Amino acid sequence: MNKIKKSMMAAAILFGTCAAPLAAFNAIGQEAGGLTDAQGNAVSSNAAAEKKSGGGFYDIVFGSGIVGMILWFALFGDGALAIYFSIDSSILIKPEKLMPRRLMDGVTGAMSEGDVVKAMEVCQQNPSAMSNIVMAAFQHIEECFDAIQEAVTAASDLEQEKIQQRLNWIAVCGNLGPSLGLLGTVQGMILTFQALASGGAGDASALASSIGQALWTTAGGLIVSIPAVTVFYSLRNKANRLILKMTAMTMEILNGLRNVAVDPGAEGAVEEAQA
């Protein structure tokens, strides 16, 4: 069900990202049909069309050929995916998601009573990154405290890697933006030189349209990339801080195990070691 909801959200974001700018520029183009000249006389539809085709965003997108349109829709899709993964990661990387209060209170209360079995049950009832780290420590409770520390460190690294894999998609979208923009720039310059080679040096509008295609795609790629990279590093730093906090809290909870030994003959039984 969660995957279906996320897929629907991604589709809605993609549709809104692609349709909204195009609808806005189309509406602006329709309003331009009633332009008047400097003397207040109405401009004919042909003249209005000529003015509208002077390099507006709508014309840049749909007048750049098949390759240009594919690039633009790839940029729109890249931006929509960057928004989706940013929202998804922002929801995931929260203290109440990674380390629920109910889990912390239950484990702390159980450990204060010396009941490790109860603490493990609380972890199983509240699955999260924090519960995975604590459970990794409890699985080595029969070993020395150094082994418990190593288990906590390994589990923390694993949880950090899981979060990083989700965040990497934001970085991928951020890196694709400039690449798609550069490809559009190359295409625009190719069209420019083709116009020059075909004797179109005197056709300023054709040259301006090709150069506009190059500049617009570059700008589009940067518009996608800059926010995506900013969100990626912001969420990554937040995730690292939470992982460090969870590791420190786990070790604080387990500090009482320094002088606790487990009797292998009684499953789950914990007794205080004799000094």
# chains A, B, ... in the order shown; residues from 1 in each chain; ligands from 1
$ closest_atom_pairs --of "region 65-138 of chain A" --to "region 164-183 of chain A" --cutoff "10 Å" --atoms "only C-alpha atoms" --output "tab-separated table"
residue	atom	partner	partner_atom	distance
A:Val67	CA	A:Leu183	CA	10.0
A:Gly68	CA	A:Leu183	CA	9.3
A:Leu71	CA	A:Leu180	CA	6.6
A:Trp72	CA	A:Leu180	CA	8.5
A:Ala74	CA	A:Leu180	CA	7.7
A:Leu75	CA	A:Gly177	CA	6.6
A:Phe76	CA	A:Gly177	CA	9.6
A:Gly77	CA	A:Cys173	CA	9.4
A:Asp78	CA	A:Cys173	CA	5.8
A:Gly79	CA	A:Cys173	CA	7.2
A:Ala80	CA	A:Cys173	CA	9.2
A:Leu81	CA	A:Cys173	CA	7.0
A:Ala82	CA	A:Ile170	CA	5.5
A:Ile83	CA	A:Ile170	CA	8.3
A:Tyr84	CA	A:Ile170	CA	8.9
A:Phe85	CA	A:Ile170	CA	6.0
A:Ser86	CA	A:Ile170	CA	6.5
A:Asp88	CA	A:Arg166	CA	8.7
A:Ser89	CA	A:Leu167	CA	6.6
A:Ser90	CA	A:Leu167	CA	9.6
A:Leu92	CA	A:Arg166	CA	9.4
A:Ile93	CA	A:Leu167	CA	9.9
$ write_last_selection --atoms "N, CA and C atoms" --output "CSV table (one decimal), in the first residue's frame"
chain,number,residue,atom,x,y,z
A,67,VAL,N,14.5,15.8,-30.4
A,67,VAL,CA,15.5,15.6,-29.4
A,67,VAL,C,15.4,16.6,-28.3
A,68,GLY,N,15.1,17.9,-28.7
A,68,GLY,CA,15.0,18.9,-27.7
A,68,GLY,C,13.8,18.7,-26.8
A,71,LEU,N,14.7,16.0,-24.3
A,71,LEU,CA,15.5,16.6,-23.3
A,71,LEU,C,14.7,17.3,-22.2
A,72,TRP,N,13.8,18.1,-22.7
A,72,TRP,CA,13.0,19.0,-21.8
A,72,TRP,C,12.1,18.1,-20.9
A,74,ALA,N,12.8,15.1,-20.1
A,74,ALA,CA,13.7,14.4,-19.2
A,74,ALA,C,14.1,15.3,-18.0
A,75,LEU,N,14.2,16.6,-18.3
A,75,LEU,CA,14.5,17.6,-17.3
A,75,LEU,C,13.3,17.7,-16.3
A,76,PHE,N,12.1,17.7,-16.9
A,76,PHE,CA,10.9,17.8,-16.0
A,76,PHE,C,10.8,16.6,-15.1
A,77,GLY,N,11.0,15.4,-15.8
A,77,GLY,CA,11.0,14.2,-15.0
A,77,GLY,C,12.1,14.1,-13.9
A,78,ASP,N,13.2,14.6,-14.2
A,78,ASP,CA,14.3,14.6,-13.3
A,78,ASP,C,14.0,15.5,-12.1
A,79,GLY,N,13.4,16.6,-12.4
A,79,GLY,CA,13.0,17.5,-11.3
A,79,GLY,C,11.9,16.9,-10.5
A,80,ALA,N,10.9,16.3,-11.1
A,80,ALA,CA,9.8,15.6,-10.3
A,80,ALA,C,10.4,14.5,-9.4
A,81,LEU,N,11.3,13.7,-9.9
A,81,LEU,CA,11.9,12.7,-9.1
A,81,LEU,C,12.7,13.2,-8.0
A,82,ALA,N,13.4,14.3,-8.2
A,82,ALA,CA,14.2,14.9,-7.1
A,82,ALA,C,13.2,15.4,-6.0
A,83,ILE,N,12.1,16.0,-6.4
A,83,ILE,CA,11.1,16.4,-5.4
A,83,ILE,C,10.6,15.2,-4.7
A,84,TYR,N,10.2,14.2,-5.4
A,84,TYR,CA,9.7,13.0,-4.7
A,84,TYR,C,10.6,12.4,-3.7
A,85,PHE,N,11.9,12.1,-4.2
A,85,PHE,CA,12.9,11.5,-3.3
A,85,PHE,C,13.2,12.4,-2.1
A,86,SER,N,13.2,13.7,-2.3
A,86,SER,CA,13.4,14.7,-1.2
A,86,SER,C,12.3,14.6,-0.2
A,88,ASP,N,10.3,12.0,0.3
A,88,ASP,CA,10.3,10.7,0.9
A,88,ASP,C,11.4,10.6,2.0
A,89,SER,N,12.6,11.1,1.7
A,89,SER,CA,13.7,11.1,2.6
A,89,SER,C,13.5,12.0,3.8
A,90,SER,N,12.8,13.1,3.6
A,90,SER,CA,12.5,14.1,4.7
A,90,SER,C,11.6,13.4,5.7
A,92,LEU,N,11.4,10.1,6.1
A,92,LEU,CA,12.1,9.0,6.8
A,92,LEU,C,13.0,9.5,7.8
A,93,ILE,N,13.8,10.6,7.5
A,93,ILE,CA,14.9,11.0,8.4
A,93,ILE,C,14.3,12.0,9.5
$ residues_around --residues "Gly109 (chain A)" --least-positions-apart "5" --cutoff "12 Å" --atoms "only C-alpha atoms" --output "JSON, numbers by chain"
{"A": [102, 103, 104, 114, 115, 116, 118, 119, 120, 122, 253]}
$ residues_around --residues "Leu242 (chain A)" --least-positions-apart "2" --cutoff "10 Å" --atoms "only C-alpha atoms" --output "ChimeraX atom specification"
/A:93-95,98-99,130,160,236-240,244-248
$ write_last_selection --atoms "N, CA and C atoms" --output "compact mmCIF listing (two decimals), in the first residue's frame"
# COMPACT_ATOMS: atom_id res chain seq x y z
N ILE A 93 13.82 10.55 7.53
CA ILE A 93 14.90 10.98 8.43
C ILE A 93 14.33 11.95 9.47
N LYS A 94 13.63 11.39 10.42
CA LYS A 94 13.09 12.14 11.54
C LYS A 94 13.33 11.34 12.82
N PRO A 95 13.58 12.02 13.94
CA PRO A 95 13.82 11.28 15.19
C PRO A 95 12.69 10.35 15.56
N LEU A 98 13.14 7.18 13.26
CA LEU A 98 14.34 6.36 13.49
C LEU A 98 14.45 5.87 14.92
N MET A 99 13.99 6.66 15.87
CA MET A 99 14.09 6.29 17.29
C MET A 99 12.80 6.71 18.01
N MET A 130 16.74 2.34 15.40
CA MET A 130 17.23 2.25 16.78
C MET A 130 17.04 0.84 17.33
N GLN A 160 23.19 3.35 8.70
CA GLN A 160 23.62 4.54 7.96
C GLN A 160 23.68 4.28 6.47
N ARG A 236 21.67 14.35 4.45
CA ARG A 236 22.76 13.44 4.81
C ARG A 236 23.38 13.82 6.14
N ASN A 237 23.63 15.11 6.36
CA ASN A 237 24.19 15.55 7.63
C ASN A 237 23.22 15.29 8.78
N LYS A 238 21.93 15.50 8.53
CA LYS A 238 20.93 15.23 9.56
C LYS A 238 20.90 13.74 9.91
N ALA A 239 20.99 12.89 8.89
CA ALA A 239 20.99 11.45 9.12
C ALA A 239 22.23 11.02 9.90
N ASN A 240 23.39 11.59 9.58
CA ASN A 240 24.61 11.24 10.30
C ASN A 240 24.52 11.64 11.77
N LEU A 244 24.69 8.98 14.93
CA LEU A 244 25.62 9.14 16.05
C LEU A 244 24.87 9.22 17.38
N LYS A 245 23.75 9.91 17.38
CA LYS A 245 22.95 10.02 18.60
C LYS A 245 22.40 8.67 19.03
N MET A 246 21.92 7.89 18.05
CA MET A 246 21.40 6.56 18.38
C MET A 246 22.50 5.64 18.91
N THR A 247 23.69 5.72 18.32
CA THR A 247 24.81 4.91 18.80
C THR A 247 25.17 5.28 20.23
N ALA A 248 25.27 6.58 20.51
CA ALA A 248 25.61 7.03 21.87
C ALA A 248 24.55 6.62 22.87
$ residues_around --residues "region 147-159 of chain A" --least-positions-apart "4" --cutoff "10 Å" --atoms "only C-alpha atoms" --output "PyMOL selection string"
chain A and resi 98+128-130+132-143+163-164+239+243-244+246-248+250-251+254+257-258
$ atom_distance --atom1 "CA of Phe145 (chain A)" --atom2 "CA of Met111 (chain A)"
15.6 Å
$ residues_around --residues "Thr185 (chain A)" --least-positions-apart "2" --cutoff "10 Å" --atoms "only C-alpha atoms" --output "JSON, numbers by chain"
{"A": [68, 179, 180, 181, 182, 183, 187, 188, 189, 190, 191, 210, 211, 212, 213, 214, 215, 216, 217, 218, 219]}
$ write_last_selection --atoms "N, CA and C atoms" --output "CSV table (one decimal), in the first residue's frame"
chain,number,residue,atom,x,y,z
A,68,GLY,N,15.1,17.9,-28.7
A,68,GLY,CA,15.0,18.9,-27.7
A,68,GLY,C,13.8,18.7,-26.8
A,179,SER,N,23.9,17.5,-16.5
A,179,SER,CA,24.3,16.6,-17.7
A,179,SER,C,23.2,16.8,-18.8
A,180,LEU,N,22.0,16.8,-18.4
A,180,LEU,CA,20.9,17.0,-19.4
A,180,LEU,C,21.0,18.4,-20.0
A,181,GLY,N,21.3,19.4,-19.1
A,181,GLY,CA,21.4,20.7,-19.5
A,181,GLY,C,22.5,20.9,-20.5
A,182,LEU,N,23.6,20.3,-20.2
A,182,LEU,CA,24.8,20.3,-21.1
A,182,LEU,C,24.5,19.7,-22.5
A,183,LEU,N,23.7,18.6,-22.4
A,183,LEU,CA,23.3,17.9,-23.7
A,183,LEU,C,22.4,18.9,-24.5
A,187,GLN,N,23.1,20.5,-28.2
A,187,GLN,CA,22.1,20.4,-29.3
A,187,GLN,C,21.8,21.8,-29.8
A,188,GLY,N,21.7,22.8,-28.9
A,188,GLY,CA,21.4,24.2,-29.4
A,188,GLY,C,22.5,24.7,-30.2
A,189,MET,N,23.8,24.5,-29.8
A,189,MET,CA,24.9,25.0,-30.6
A,189,MET,C,25.0,24.3,-31.9
A,190,ILE,N,24.6,23.0,-32.0
A,190,ILE,CA,24.6,22.3,-33.2
A,190,ILE,C,23.6,22.9,-34.2
A,191,LEU,N,22.4,23.2,-33.7
A,191,LEU,CA,21.4,23.9,-34.5
A,191,LEU,C,21.9,25.2,-35.0
A,210,SER,N,18.0,29.1,-31.6
A,210,SER,CA,19.0,28.0,-31.3
A,210,SER,C,19.8,28.3,-30.1
A,211,ILE,N,20.3,29.5,-30.0
A,211,ILE,CA,21.1,29.9,-28.8
A,211,ILE,C,20.2,29.9,-27.6
A,212,GLY,N,18.9,30.3,-27.7
A,212,GLY,CA,18.0,30.3,-26.6
A,212,GLY,C,17.8,28.9,-26.1
A,213,GLN,N,17.7,27.9,-27.0
A,213,GLN,CA,17.5,26.5,-26.7
A,213,GLN,C,18.7,26.1,-25.8
A,214,ALA,N,19.9,26.5,-26.2
A,214,ALA,CA,21.1,26.1,-25.5
A,214,ALA,C,21.1,26.7,-24.1
A,215,LEU,N,20.8,28.0,-23.9
A,215,LEU,CA,20.8,28.6,-22.6
A,215,LEU,C,19.7,28.2,-21.7
A,216,TRP,N,18.5,28.0,-22.3
A,216,TRP,CA,17.4,27.5,-21.5
A,216,TRP,C,17.6,26.1,-20.9
A,217,THR,N,18.1,25.2,-21.7
A,217,THR,CA,18.4,23.9,-21.1
A,217,THR,C,19.5,23.9,-20.0
A,218,THR,N,20.5,24.8,-20.2
A,218,THR,CA,21.5,24.9,-19.2
A,218,THR,C,20.9,25.4,-17.9
A,219,ALA,N,20.0,26.5,-18.0
A,219,ALA,CA,19.4,27.0,-16.9
A,219,ALA,C,18.4,26.0,-16.2
$ atom_distance --atom1 "CA of Lys162 (chain A)" --atom2 "CA of Phe232 (chain A)"
14.7 Å
$ atom_distance --atom1 "CA of Ala228 (chain A)" --atom2 "CA of Ile91 (chain A)"
15.9 Å
